[in-house]
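The next block holds one structure in the form of structure tokens; read it before the comments.
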Amino acid sequence: MSISELKLSQDLIEEILCRVPAISLKQLRSTCKRWNSLFNDKRFARKHFDKAAKQSLVVMLTKNYRICLLDVNLNETPSIEVRGELRRVSISQVFHCDGLLIYINKGDTMMVVWNPFMGKIRWFQHIDRDKTHYDYVLGSYQDDKSGNTSYKVLRYMSWGSKQKLEICELYSSSWRILDVTTDCTFYGESRVSLKGKTYWFAFDEEKRQLDMVSFDYTTERFRSRMSLPYQFPIVSYQTLALSGVREEKLSVLLQLRDTSRKEIWVTNKIDETTQVLSWNKVLTLDYPDLGRCFLTGLSFLFDEENRKIVCCERRMSEDDYYEAADWVYIVEEDNKVTQLCFGKCNGFDTLESSDPYLFGYVPSLVQIEHPRHKTKRGD
């Protein structure tokens with residue numbers, strides 16, 4: 001007898017199904033109408049995201065401005081294959097949070113909100129010409145009116161320590177200028193949204209050192225700066241990248257100058273009151289040099305279960321800056337490297353193409369919010 005045939009209460013069925021991983025749960029959608037209806041229930045979608053085990057897929061923004069799904073095998077015999085494009089459209093930037101993606105098309109004229117797992121998409125709005133150089137991030141907050149988890153988009157442009165910021169709720173599509181400041185400069189391209197906040201590396205111009213800063217989508221303010229595992233001047237770092245672990249933790253890849261060792265650190269917890277990060281070093285790698293080259297656009301994912309990392313980067317020849325190639329590679333705990341070339345960039349292609357970007361996409365049932373219609377008086 002199947003679960004659907006048992007005479008169980010709706011509450012008990014929800015408690016069982018909200019713990020089933022998203023990919024497995026989707027296969028049960030056609031079992032019965034009652035189960036299928038849960039996929040359109042915002043309350044259940046949030047409950048499922050909070051309670052179900054997270055499954056992470058490896059996604060890459062390629063030099064051709066396309067989003068590709070990678071088949072990365074991290075078991076005994078590691079391998080990397082391109083499974084295919086998630087969407088046949090050219091994309092200049094992409095950001096993910098809670099199973100939702102926002103992306104900007106290559107012409108910087110349109111922002112789109114998309115849940116690839118659910119196959120839902122919303123063409124959010126056209127982008128004005130004076131906003132084409134902004135960066136876009138997405139984060140969650142608790143809506144006081146509905147009590148549900150909702151989402152806001154933050155867009156920003158930085159000039160040194162000065163930032164111009166605007167924000168809007170997904171349900172409104174109306175941008176508001178934020179009159180907030182931070183006493184630091186965003187550093188690098190790495191940023192991660194986690195539990196209602198977006199995190200960046202931050203450069204303290206006065207102390208000349210790196211730490212981290214976060215933006216809180218509930219208060220719409222920047223929080224106090226947080227320490228990295230090392231409190232060193234910025235010149236001490238050779239490589240630095242930020243990533244998320246299954247939408248639950250932060251991880252950083254650090255390499256100091258004059259050493260080939262790369263360290264992976266993961267947060268044990270984040271104190272919401274003091275904003276203190278507790279870091280745990282989980283892996284130290286010392287794999288051989290991958291060639292005479294400069295590296296740009298490094299992004300990575302850390303797999304806790306298999307204790308391996310997946311990295312993506314562009315390697316530019318020291319002998320010819322216009323000779324470059326994009327690589328994805330797996331590094332195991334014994335420093336064994338398995339790598340795949342995603343194609344070479346020659347001549348001015350290195351200036352016109354996008355730096356590769358690798359991220360972990362966690363499938364979810366989270367729904368895309370649409371503009372709310374105001375009710376008339378007397379309704």
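Chains: A, B, ... in order of the structure tokens. Residues: from 1 per chain. Ligands: from 1, in order shown.
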Contact table region 94-115 of chain A vs region 365-368 of chain A, cut-off 9 Å, shortest pair per residue, only C-alpha atoms, as a Markdown table:
| residue | atom | partner | partner_atom | distance |
| --- | --- | --- | --- | --- |
| A:Asp98 | CA | A:Val366 | CA | 7.1 |
| A:Gly99 | CA | A:Val366 | CA | 6.6 |
| A:Leu100 | CA | A:Val366 | CA | 7.2 |
| A:Val113 | CA | A:Ile368 | CA | 7.2 |
| A:Trp114 | CA | A:Ile368 | CA | 7.4 |
| A:Asn115 | CA | A:Ile368 | CA | 7.3 |
Export of prior selection with C-alpha atoms as a PDB file, in the first residue's frame:
ATOM      1  CA  ASP A  98      16.851  29.735  -2.067  1.00  0.00           C
ATOM      2  CA  GLY A  99      16.428  28.044  -5.446  1.00  0.00           C
ATOM      3  CA  LEU A 100      15.616  31.292  -7.263  1.00  0.00           C
ATOM      4  CA  VAL A 113      13.550  36.009 -12.005  1.00  0.00           C
ATOM      5  CA  TRP A 114      13.626  32.259 -12.608  1.00  0.00           C
ATOM      6  CA  ASN A 115      13.135  28.984 -10.747  1.00  0.00           C
TER       7      ASN A 115
END
| message | At a cut-off of 10 Å, using only C-alpha atoms, what residues contact Val58 (chain A)? Leave out same-chain residues fewer than 6 positions from it and give the result as a list in words. | response |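 The residues satisfying every condition are Cys68, Leu69, Leu70, Asp71, Val72, Leu301, Val310, Leu358, Phe359, Gly360, Tyr361 and Val362 of chain A.
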| query | Where in region 72-240 of chain A does DSSP assign strand (DSSP E or B), given as a PyMOL selection string? | reply | chain A and resi 72-73+79-87+91-97+100-105+110-115+120-126+135-142+149-159+162-169+176-178+185-194+197-204+209-216+221-222+226+233+237-240
Atoms kept (C-alpha atoms) for selection, written as an mmCIF file, in the first residue's frame:
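Generated output (out35.cif):
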data_model
loop_
_atom_site.group_PDB
_atom_site.id
_atom_site.type_symbol
_atom_site.label_atom_id
_atom_site.label_comp_id
_atom_site.auth_asym_id
_atom_site.auth_seq_id
_atom_site.Cartn_x
_atom_site.Cartn_y
_atom_site.Cartn_z
ATOM 1 C CA VAL A 72 30.146 16.491 -11.666
ATOM 2 C CA ASN A 73 30.917 13.068 -10.202
ATOM 3 C CA SER A 79 34.616 13.238 -13.665
ATOM 4 C CA ILE A 80 33.171 16.410 -15.203
ATOM 5 C CA GLU A 81 30.758 16.583 -18.132
ATOM 6 C CA VAL A 82 28.514 19.265 -19.582
ATOM 7 C CA ARG A 83 24.908 18.113 -19.299
ATOM 8 C CA GLY A 84 23.476 20.986 -21.344
ATOM 9 C CA GLU A 85 22.228 24.563 -21.242
ATOM 10 C CA LEU A 86 19.574 25.403 -18.677
ATOM 11 C CA ARG A 87 18.245 28.229 -20.829
ATOM 12 C CA ILE A 91 23.321 36.259 -19.740
ATOM 13 C CA SER A 92 25.781 38.854 -18.414
ATOM 14 C CA GLN A 93 25.324 38.194 -14.674
ATOM 15 C CA VAL A 94 23.460 35.732 -12.487
ATOM 16 C CA PHE A 95 22.803 35.384 -8.754
ATOM 17 C CA HIS A 96 21.027 32.676 -6.766
ATOM 18 C CA CYS A 97 19.149 32.468 -3.460
ATOM 19 C CA LEU A 100 15.616 31.292 -7.263
ATOM 20 C CA LEU A 101 17.894 32.861 -9.861
ATOM 21 C CA ILE A 102 17.951 36.448 -11.029
ATOM 22 C CA TYR A 103 19.812 37.151 -14.211
ATOM 23 C CA ILE A 104 20.538 40.106 -16.454
ATOM 24 C CA ASN A 105 20.575 39.533 -20.188
ATOM 25 C CA MET A 110 16.166 43.107 -18.773
ATOM 26 C CA MET A 111 16.165 41.521 -15.294
ATOM 27 C CA VAL A 112 14.563 38.088 -15.041
ATOM 28 C CA VAL A 113 13.550 36.009 -12.005
ATOM 29 C CA TRP A 114 13.626 32.259 -12.608
ATOM 30 C CA ASN A 115 13.135 28.984 -10.747
ATOM 31 C CA LYS A 120 8.763 29.119 -13.631
ATOM 32 C CA ILE A 121 10.022 32.441 -14.952
ATOM 33 C CA ARG A 122 9.073 36.091 -14.635
ATOM 34 C CA TRP A 123 10.333 38.820 -16.925
ATOM 35 C CA PHE A 124 10.756 41.341 -14.148
ATOM 36 C CA GLN A 125 11.349 44.679 -15.837
ATOM 37 C CA HIS A 126 13.367 46.614 -18.361
ATOM 38 C CA ASP A 135 25.335 44.556 -9.873
ATOM 39 C CA TYR A 136 22.234 42.658 -8.715
ATOM 40 C CA VAL A 137 21.753 40.397 -5.670
ATOM 41 C CA LEU A 138 18.722 38.736 -4.102
ATOM 42 C CA GLY A 139 17.806 37.999 -0.486
ATOM 43 C CA SER A 140 14.942 36.901 1.735
ATOM 44 C CA TYR A 141 13.091 38.614 4.581
ATOM 45 C CA GLN A 142 10.045 38.010 6.757
ATOM 46 C CA THR A 149 9.112 34.692 3.559
ATOM 47 C CA SER A 150 9.440 37.185 0.721
ATOM 48 C CA TYR A 151 12.318 38.430 -1.418
ATOM 49 C CA LYS A 152 13.973 41.701 -2.334
ATOM 50 C CA VAL A 153 16.448 42.616 -5.065
ATOM 51 C CA LEU A 154 19.337 44.912 -4.211
ATOM 52 C CA ARG A 155 21.219 46.624 -7.011
ATOM 53 C CA TYR A 156 24.338 48.656 -6.427
ATOM 54 C CA MET A 157 27.230 50.408 -8.073
ATOM 55 C CA SER A 158 30.457 51.204 -6.229
ATOM 56 C CA TRP A 159 33.052 53.924 -6.601
ATOM 57 C CA LYS A 162 31.014 55.020 -2.011
ATOM 58 C CA GLN A 163 28.026 52.963 -3.089
ATOM 59 C CA LYS A 164 24.806 53.833 -4.825
ATOM 60 C CA LEU A 165 22.107 51.372 -3.777
ATOM 61 C CA GLU A 166 18.498 50.728 -4.758
ATOM 62 C CA ILE A 167 16.120 48.019 -3.566
ATOM 63 C CA CYS A 168 12.718 46.630 -4.458
ATOM 64 C CA GLU A 169 10.391 43.896 -3.264
ATOM 65 C CA ARG A 176 13.599 52.707 -3.789
ATOM 66 C CA ILE A 177 16.881 54.549 -3.253
ATOM 67 C CA LEU A 178 18.605 53.410 -0.040
ATOM 68 C CA THR A 185 34.737 48.831 -0.139
ATOM 69 C CA PHE A 186 33.320 45.672 -1.698
ATOM 70 C CA TYR A 187 36.274 43.556 -2.799
ATOM 71 C CA GLY A 188 36.241 41.111 -5.695
ATOM 72 C CA GLU A 189 33.303 39.508 -7.475
ATOM 73 C CA SER A 190 32.347 36.935 -4.803
ATOM 74 C CA ARG A 191 29.014 37.398 -3.016
ATOM 75 C CA VAL A 192 26.656 34.929 -1.364
ATOM 76 C CA SER A 193 23.095 35.179 -0.016
ATOM 77 C CA LEU A 194 22.334 33.146 3.061
ATOM 78 C CA LYS A 197 21.647 38.411 4.196
ATOM 79 C CA THR A 198 24.113 38.902 1.348
ATOM 80 C CA TYR A 199 27.824 38.657 2.153
ATOM 81 C CA TRP A 200 30.807 40.284 0.428
ATOM 82 C CA PHE A 201 34.523 40.541 1.027
ATOM 83 C CA ALA A 202 35.190 44.044 2.335
ATOM 84 C CA PHE A 203 38.331 46.167 2.174
ATOM 85 C CA ASP A 204 39.077 48.528 5.066
ATOM 86 C CA GLN A 209 43.017 44.695 5.521
ATOM 87 C CA LEU A 210 40.231 42.406 4.334
ATOM 88 C CA ASP A 211 37.199 41.182 6.245
ATOM 89 C CA MET A 212 33.521 40.628 5.415
ATOM 90 C CA VAL A 213 30.357 42.695 5.451
ATOM 91 C CA SER A 214 26.695 41.704 5.118
ATOM 92 C CA PHE A 215 23.465 43.416 4.089
ATOM 93 C CA ASP A 216 20.307 42.584 6.054
ATOM 94 C CA ARG A 221 21.057 48.066 6.549
ATOM 95 C CA PHE A 222 24.640 46.823 6.469
ATOM 96 C CA MET A 226 33.070 40.299 10.344
ATOM 97 C CA PRO A 233 46.701 43.132 5.098
ATOM 98 C CA TYR A 237 46.508 37.231 -0.154
ATOM 99 C CA GLN A 238 47.279 35.526 -3.434
ATOM 100 C CA THR A 239 43.817 33.988 -3.962
ATOM 101 C CA LEU A 240 40.506 34.662 -2.252
#
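CA of Ile23 (chain A) is found 10.5 Å from CA of Leu57 (chain A).
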| request: Take CA of Ile309 (chain A) and CA of Ile330 (chain A) and report the distance between them in Å, one decimal. | output: 5.7 Å
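If you measure from each of A:Leu254, A:Leu277, A:Ile264, A:Leu242 to Ser227 (chain A) using only C-alpha atoms, the closest one turns out to be A:Leu277.
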| remark: The distance between CA of Thr77 (chain A) and CA of Phe302 (chain A) is 17.1 Å
| query | Skipping near chain neighbours, those fewer than 6 positions away, what residues fall within 8 Å of Lys54 (chain A) using only C-alpha atoms, listed as a ChimeraX atom specification? | reply | /A:21-22,246-247,362-363
| If you count only C-alpha atoms, which residues fall within 8 Å of Ala53 (chain A), apart from same-chain ones fewer than 2 positions away, as a ChimeraX atom specification? | /A:19-21,51,55
Go ahead and save the picked residues with N, CA and C atoms, as a short mmCIF file (atom, residue, chain, number, x, y, z; two decimals), in the first residue's frame.
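part-v1.cif was written with the following content:
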data_model
loop_
_atom_site.label_atom_id
_atom_site.label_comp_id
_atom_site.auth_asym_id
_atom_site.auth_seq_id
_atom_site.Cartn_x
_atom_site.Cartn_y
_atom_site.Cartn_z
N ARG A 19 9.97 16.69 4.22
CA ARG A 19 11.33 16.21 4.52
C ARG A 19 11.94 15.43 3.35
N VAL A 20 11.19 15.29 2.26
CA VAL A 20 11.68 14.58 1.08
C VAL A 20 12.48 15.56 0.22
N PRO A 21 13.72 15.26 -0.16
CA PRO A 21 14.51 16.17 -1.00
C PRO A 21 13.75 16.57 -2.26
N LYS A 51 13.10 22.36 5.96
CA LYS A 51 13.23 21.05 6.61
C LYS A 51 13.87 19.96 5.75
N GLN A 55 19.86 19.38 -1.82
CA GLN A 55 20.60 18.76 -2.92
C GLN A 55 21.17 19.87 -3.78
#
